[in-house]
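Here's the structure, in structure tokens; my notes come after.
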Amino acid sequence: MNTKIIFNHIINQMSKLDSKQISVEEAKAQANLAKQANNILNYELNKSIAKAKFENLVINEIQDNF
């Protein structure tokens with residue numbers, strides 16, 4: 001699954017809605033599913049970016065000097 005596939009699905013659903021092959025309610029449900037799928041893709045992308053960015057990060061132990 002990628003954003004291109006999601007976008008194509010949305011375009012197909014819009015065409016079906018225009019030709020009354022599906023109801024408005026079904027189109028809304030499909031749009032919500034596409035939104036959720038896109039959110040998952042964005043989460044995975046951001047997670048990969050964060051891993052790459054912080055892969056070589058060295059965290060020094062902080063000691064209190066009291």
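Convention: chains lettered A, B, ... in structure tokens order; per-chain residue numbering from 1; ligands numbered from 1 as shown.
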
Problem - Residues near A:Leu33, cut-off 12 Å, only C-alpha atoms, skip fewer than 5 positions along chain, as a PyMOL selection string - result: chain A and resi 6-7+9-10+13+26-28+38-40

Exercise for the section: Could you pull out the residues in chain A that DSSP calls helix (DSSP H, G or I) from the backbone, as JSON, numbers by chain? Expected result: {"A": [3, 4, 5, 6, 7, 8, 9, 10, 11, 12, 13, 14, 15, 16, 17, 18, 24, 25, 26, 27, 28, 29, 30, 31, 32, 33, 34, 35, 36, 37, 38, 39, 40, 41, 42, 43, 44, 45, 46, 47, 48, 49, 50, 51, 52, 53, 54]}

Exercise for the section: Just give me the gap between atom CA of A:Gln36 and atom CA of A:Ile5 in Å, one decimal is fine. Expected result: 13.6 Å

Practice task
Identify which of the residues A:Asn56, A:Asn2, A:Asn46, A:Gln30 lies closest to A:Lys16, counting only C-alpha atoms when measuring atom-to-atom distances.
Solution key: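 Using only C-alpha atoms, A:Lys16 sits closest to A:Gln30.
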